[in-house]
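As structure tokens, the structure follows; a few thoughts come after it.
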Amino acid sequence: MAITAQEVNKLRQMTGAGMMDCKKALTEANGDFDAAIDLLRKKGQKVSASRSDRETTEGSVFTHTNDGKTEAVLIALGCETDFVAKNESFQELGNAILQVAVKEKPADIAALKSLKIGALTVEEKIIELVGKIGEKLEVIAYERLAGEAVVPYVHAGSKLGVLVALKNVNGGDVTDAGKDVAMQIAAMRPVGVDKDDVDESVVAREIEIGKEQARAEGKPEAMLEKIALGKLNKFYKDNTLLNQAFVKDNSMTIAQYLDSVNKGMTVAAFKRVAIGG
């Protein structure tokens with residue numbers, strides 16, 4: 001049957017797909033709009049599958065904090081190019097996924113993808129947009145953090161996000177201090193809050209590396225363990241948040257900075273998500 005330009009334009013307005021794709025879908029569906037939309041969605045599935053080996057090194061981080069500033073949610077939606085990351089439809093989808101994550105509190109990304117946004121699941125909405133833009137899209141990360149005070153931070157460019165939970169805040173407004181710590185986490189990439197958070201396998205590896213370095217320097221075998229433990233303490237200082245030198249004032253550690261803001265205040269936990277590395 002003949003498909004009019006008005007019908008093609010109507011489907012384009014409904015779906016955001018290209019003119020030729022809309023015309024082809026309507027022709028194949030014999031003018032049935034619902035069937036044409038299904039065909040376009042199936043095209044999205046094919047596009048998604050054909051690009052499954054592509055890397056989503058671009059994208060955006062989206063965050064939400066509750067009114068009491070005691071819980072925050074972060075999601076990262078990835079794509080292939082910065083151009084798409086800035087696309088209005090991409091940003092709208094990211095915010096929609098964030099809102100459903102905030103409301104439904106899914107356990108993980110798989111559960112998040114099964115939740116509904118309108119009539120479609122999150123996964124189906126992603127496939128639908130893939131069909132429109134022709135790039136691989138995926139939810140790269142989903143994090144939720146609760147505490148006495150939780151502060152979010154999204155770095156310039158929206159490709160890196162941090163959530164930090166503070167404790168012993170004593171009811172004060174610690175937003176500025178939380179942001180300072182979140183910026184520290186963004187820049188310095190700590191592996192844990194304190195040395196107790198460092199995985200035992202990492203500790204064992206650092207000790208072994210320390211021994212090998214000392215051995216290569218010709219140190220006596222009897223001293224290798226002591227030297228390695230000294231190097232391990234340096235590792236903790238450089239790589240655990242509370243022991244790191246505060247970037248804004250390296251005369252104090254993060255632990256000392258927080259204590260100076262509010263006596264006894266410290267970090268309970270943090271999450272750091274980076275797109276593309």
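Residues are referred to by chain and number: the chain letter is A, B, ... according to the order shown in the structure tokens, the number counts from 1 in that chain, and ligands are numbered separately from 1 in the order shown.
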#### Entry: Exercise: range 192-197 of chain A partners within 8 Å, only C-alpha atoms, chain neighbours under 4 positions left out, as a PyMOL selection string
chain A and resi 236+239-243+267-270
### Message
Among range 19-250 of chain A, which residues does DSSP mark as alpha helix (DSSP H) when it is run on the backbone? Keep the chain and numbering as in the structure and answer as a PyMOL selection string.
### Response
chain A and resi 19-28+33-50+82-85+88-104+109-113+122-133+175-188+200-216+224-239
### Atomic distance CA of Arg12 in chain A - CA of Ser89 in chain A, expressed in Å with one decimal
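So the answer is 14.1 Å.
Compared by their closest atoms to Gly276 in chain A, and using only C-alpha atoms, the residues A:Val61, A:Val247, A:Ile97, A:Met19 rank with A:Val61 nearest.
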### Task
Pull the strand (DSSP E or B) assignments for range 23-255 of chain A out of DSSP run on the backbone, and list those residues as a ChimeraX atom specification.
/A:58-65,71-79,116-117,120-121,138-146,149-154,160-167,192,240,245-246,249-253
Could you write out that same residue set with N, CA and C atoms as a short mmCIF file (atom, residue, chain, number, x, y, z; two decimals), in the first residue's frame?
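Final output, selection_26.cif:
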```cif
data_model
loop_
_atom_site.label_atom_id
_atom_site.label_comp_id
_atom_site.auth_asym_id
_atom_site.auth_seq_id
_atom_site.Cartn_x
_atom_site.Cartn_y
_atom_site.Cartn_z
N GLU A 58 32.10 6.55 26.40
CA GLU A 58 31.52 7.86 26.67
C GLU A 58 30.21 7.66 27.43
N GLY A 59 29.59 8.75 27.84
CA GLY A 59 28.32 8.64 28.55
C GLY A 59 28.18 9.71 29.61
N SER A 60 27.25 9.48 30.53
CA SER A 60 26.99 10.45 31.59
C SER A 60 26.66 9.75 32.90
N VAL A 61 27.04 10.41 33.99
CA VAL A 61 26.68 9.97 35.33
C VAL A 61 25.51 10.81 35.82
N PHE A 62 24.55 10.17 36.44
CA PHE A 62 23.36 10.85 36.97
C PHE A 62 23.23 10.51 38.46
N THR A 63 22.95 11.51 39.29
CA THR A 63 22.82 11.27 40.73
C THR A 63 21.55 11.89 41.28
N HIS A 64 21.08 11.32 42.38
CA HIS A 64 19.91 11.85 43.10
C HIS A 64 20.14 11.66 44.58
N THR A 65 19.84 12.68 45.37
CA THR A 65 19.94 12.61 46.82
C THR A 65 18.58 12.89 47.43
N GLU A 71 20.61 9.56 51.82
CA GLU A 71 20.73 8.47 50.85
C GLU A 71 20.87 9.06 49.46
N ALA A 72 21.73 8.47 48.65
CA ALA A 72 21.94 8.94 47.29
C ALA A 72 22.04 7.75 46.35
N VAL A 73 21.64 7.98 45.12
CA VAL A 73 21.69 6.96 44.07
C VAL A 73 22.49 7.52 42.91
N LEU A 74 23.29 6.66 42.29
CA LEU A 74 24.08 7.05 41.12
C LEU A 74 23.90 5.99 40.05
N ILE A 75 23.66 6.44 38.82
CA ILE A 75 23.71 5.51 37.69
C ILE A 75 24.61 6.12 36.62
N ALA A 76 25.27 5.25 35.87
CA ALA A 76 26.10 5.69 34.74
C ALA A 76 25.57 5.02 33.49
N LEU A 77 25.19 5.83 32.52
CA LEU A 77 24.70 5.33 31.24
C LEU A 77 25.76 5.57 30.20
N GLY A 78 26.22 4.49 29.56
CA GLY A 78 27.32 4.60 28.61
C GLY A 78 26.86 4.59 27.17
N CYS A 79 27.67 5.19 26.31
CA CYS A 79 27.44 5.20 24.87
C CYS A 79 28.81 5.20 24.18
N LYS A 116 10.03 -1.07 34.94
CA LYS A 116 9.26 -0.42 33.88
C LYS A 116 9.43 1.10 33.91
N ILE A 117 9.58 1.67 32.72
CA ILE A 117 9.45 3.11 32.49
C ILE A 117 8.27 3.24 31.54
N LEU A 120 7.32 0.15 28.87
CA LEU A 120 8.50 -0.64 28.53
C LEU A 120 9.43 -0.81 29.72
N THR A 121 10.22 -1.88 29.69
CA THR A 121 11.24 -2.04 30.72
C THR A 121 12.41 -1.11 30.40
N GLU A 138 24.48 1.24 27.28
CA GLU A 138 24.35 0.28 28.37
C GLU A 138 24.45 0.99 29.72
N VAL A 139 23.77 0.41 30.71
CA VAL A 139 23.91 0.89 32.08
C VAL A 139 25.23 0.33 32.60
N ILE A 140 26.21 1.20 32.79
CA ILE A 140 27.54 0.78 33.22
C ILE A 140 27.61 0.56 34.72
N ALA A 141 26.91 1.39 35.47
CA ALA A 141 27.00 1.29 36.93
C ALA A 141 25.69 1.74 37.57
N TYR A 142 25.43 1.16 38.73
CA TYR A 142 24.29 1.55 39.57
C TYR A 142 24.75 1.40 41.02
N GLU A 143 24.76 2.51 41.74
CA GLU A 143 25.22 2.50 43.12
C GLU A 143 24.21 3.22 44.01
N ARG A 144 24.08 2.72 45.22
CA ARG A 144 23.22 3.34 46.23
C ARG A 144 24.00 3.40 47.54
N LEU A 145 23.95 4.56 48.21
CA LEU A 145 24.71 4.72 49.45
C LEU A 145 23.86 5.46 50.47
N ALA A 146 23.84 4.94 51.69
CA ALA A 146 23.07 5.57 52.78
C ALA A 146 24.00 5.84 53.95
N ALA A 149 25.02 11.36 56.61
CA ALA A 149 25.01 12.43 55.60
C ALA A 149 25.69 11.90 54.36
N VAL A 150 25.01 11.98 53.23
CA VAL A 150 25.57 11.49 51.97
C VAL A 150 25.65 12.64 50.98
N VAL A 151 26.83 12.81 50.41
CA VAL A 151 27.08 13.92 49.48
C VAL A 151 27.48 13.37 48.11
N PRO A 152 26.78 13.78 47.04
CA PRO A 152 27.17 13.35 45.69
C PRO A 152 28.07 14.39 45.03
N TYR A 153 28.84 13.94 44.07
CA TYR A 153 29.68 14.86 43.30
C TYR A 153 29.82 14.30 41.89
N VAL A 154 29.56 15.14 40.90
CA VAL A 154 29.74 14.76 39.50
C VAL A 154 30.80 15.67 38.90
N LEU A 160 32.42 11.15 35.48
CA LEU A 160 32.93 10.61 36.74
C LEU A 160 32.05 11.10 37.88
N GLY A 161 31.61 10.16 38.71
CA GLY A 161 30.74 10.52 39.83
C GLY A 161 31.17 9.85 41.11
N VAL A 162 30.91 10.52 42.22
CA VAL A 162 31.28 10.00 43.55
C VAL A 162 30.12 10.19 44.51
N LEU A 163 29.91 9.19 45.37
CA LEU A 163 29.02 9.32 46.51
C LEU A 163 29.87 9.09 47.75
N VAL A 164 29.73 9.97 48.75
CA VAL A 164 30.49 9.79 49.99
C VAL A 164 29.55 9.91 51.18
N ALA A 165 29.63 8.93 52.08
CA ALA A 165 28.81 8.92 53.30
C ALA A 165 29.68 9.30 54.49
N LEU A 166 29.24 10.31 55.24
CA LEU A 166 29.97 10.77 56.43
C LEU A 166 29.24 10.32 57.69
N LYS A 167 30.00 10.10 58.77
CA LYS A 167 29.38 9.75 60.05
C LYS A 167 29.94 10.65 61.14
N GLY A 192 40.30 2.29 49.35
CA GLY A 192 39.45 2.02 50.50
C GLY A 192 39.39 3.23 51.42
N THR A 240 44.76 4.95 50.72
CA THR A 240 43.54 4.86 51.52
C THR A 240 43.09 6.28 51.89
N ALA A 245 47.04 12.63 51.95
CA ALA A 245 47.19 14.07 52.18
C ALA A 245 46.03 14.78 51.48
N PHE A 246 45.42 15.73 52.16
CA PHE A 246 44.30 16.50 51.62
C PHE A 246 44.81 17.35 50.45
N ASP A 249 45.04 21.04 51.03
CA ASP A 249 45.98 21.47 52.07
C ASP A 249 46.77 20.25 52.51
N ASN A 250 47.93 20.00 51.85
CA ASN A 250 48.65 18.76 52.11
C ASN A 250 49.40 18.73 53.43
N SER A 251 49.16 19.76 54.26
CA SER A 251 49.73 19.72 55.62
C SER A 251 48.91 18.83 56.54
N MET A 252 47.74 18.38 56.07
CA MET A 252 46.89 17.51 56.88
C MET A 252 46.35 16.37 56.04
N THR A 253 45.99 15.27 56.70
CA THR A 253 45.35 14.15 56.02
C THR A 253 43.84 14.42 55.91
#
```
Can you list every residue of range 119-167 of chain A that has an atom at most 12 Å from range 21-28 of chain A, with its nearest atom pair and the distance in Å to one decimal, using only C-alpha atoms, ordered by chain then number, as CSV?
```
residue,atom,partner,partner_atom,distance
A:Gly131,CA,A:Asp21,CA,9.7
A:Lys132,CA,A:Asp21,CA,9.2
A:Ile133,CA,A:Asp21,CA,11.6
A:Gly134,CA,A:Asp21,CA,11.8
```
Could you please take those selected residues and save N, CA and C atoms as an mmCIF file, in the first residue's frame?
```cif
data_model
loop_
_atom_site.group_PDB
_atom_site.id
_atom_site.type_symbol
_atom_site.label_atom_id
_atom_site.label_comp_id
_atom_site.auth_asym_id
_atom_site.auth_seq_id
_atom_site.Cartn_x
_atom_site.Cartn_y
_atom_site.Cartn_z
ATOM 1 N N GLY A 131 17.905 1.895 18.554
ATOM 2 C CA GLY A 131 17.332 1.870 17.212
ATOM 3 C C GLY A 131 17.256 3.242 16.571
ATOM 4 N N LYS A 132 17.122 4.272 17.414
ATOM 5 C CA LYS A 132 17.018 5.637 16.881
ATOM 6 C C LYS A 132 18.379 6.237 16.565
ATOM 7 N N ILE A 133 19.362 5.954 17.413
ATOM 8 C CA ILE A 133 20.642 6.648 17.267
ATOM 9 C C ILE A 133 21.746 5.780 16.672
ATOM 10 N N GLY A 134 21.550 4.449 16.677
ATOM 11 C CA GLY A 134 22.522 3.577 16.045
ATOM 12 C C GLY A 134 23.814 3.379 16.806
#
```
### Summary
Thr70 in chain A proximity check over A:Gln91, A:Gln6, A:Lys46, A:Asp173, using only C-alpha atoms: winner is A:Asp173
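Among the candidates A:Ala119, A:Val181, A:Gly31, A:Asp199, the one nearest to Ala255 in chain A when counting only C-alpha atoms is A:Val181.
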### Spatial neighbours of Ser48 in chain A, 7 Å, only C-alpha atoms, chain gap at least 3 places, as a PyMOL selection string
chain A and resi 44-45+51-52+127+130+136
Deliver the residues from the most recent selection as a file, using N, CA and C atoms, as a short mmCIF file (atom, residue, chain, number, x, y, z; two decimals), in the first residue's frame.
```cif
data_model
loop_
_atom_site.label_atom_id
_atom_site.label_comp_id
_atom_site.auth_asym_id
_atom_site.auth_seq_id
_atom_site.Cartn_x
_atom_site.Cartn_y
_atom_site.Cartn_z
N GLY A 44 16.11 -1.86 16.52
CA GLY A 44 16.98 -1.45 17.62
C GLY A 44 17.68 -2.64 18.24
N GLN A 45 16.95 -3.75 18.38
CA GLN A 45 17.56 -4.96 18.93
C GLN A 45 18.68 -5.45 18.04
N ARG A 51 26.30 -4.25 17.54
CA ARG A 51 27.31 -3.38 18.13
C ARG A 51 27.73 -3.85 19.52
N SER A 52 27.41 -5.11 19.83
CA SER A 52 27.68 -5.61 21.16
C SER A 52 29.16 -5.65 21.50
N ILE A 127 17.01 -0.33 24.24
CA ILE A 127 16.99 -0.90 22.88
C ILE A 127 16.27 0.03 21.92
N VAL A 130 18.59 2.81 21.07
CA VAL A 130 19.64 2.29 20.20
C VAL A 130 19.17 2.29 18.75
N LYS A 136 25.68 1.69 20.50
CA LYS A 136 25.51 0.83 21.65
C LYS A 136 25.33 1.68 22.90
#
```
### Query
If you measure from CA of Arg41 in chain A to CA of Glu128 in chain A, what distance in Å do you get, rounded to one decimal?
5.2 Å
### Message
So that I can see what lies close to Ala204 in chain A, please list as a count of residues only the residues with an atom at most 12 Å from it, counting only C-alpha atoms and leaving out residues fewer than 6 positions away in the same chain.
### Response
7
### Atom-to-atom span, CA of Asn168 in chain A and CA of Gly264 in chain A, Å
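Pair CA of Asn168 in chain A / CA of Gly264 in chain A returns 6.0 Å.
Across A:Val84, A:Gly171, A:Asp108, A:Thr266, the tightest approach to Lys69 in chain A is made by A:Gly171 when counting only C-alpha atoms.
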### Message
Given only C-alpha atoms as the basis, pick out the residue of A:Ile3, A:Ala182, A:Val169, A:Ala110 nearest to Met265 in chain A.
### Response
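Ranked by minimum distance to Met265 in chain A, first place goes to A:Val169.
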### Query
Which residue out of A:Glu104, A:Glu80, A:Glu7, A:Glu124 has the minimum interatomic distance to Lys42 in chain A when only C-alpha atoms are used?
A:Glu124
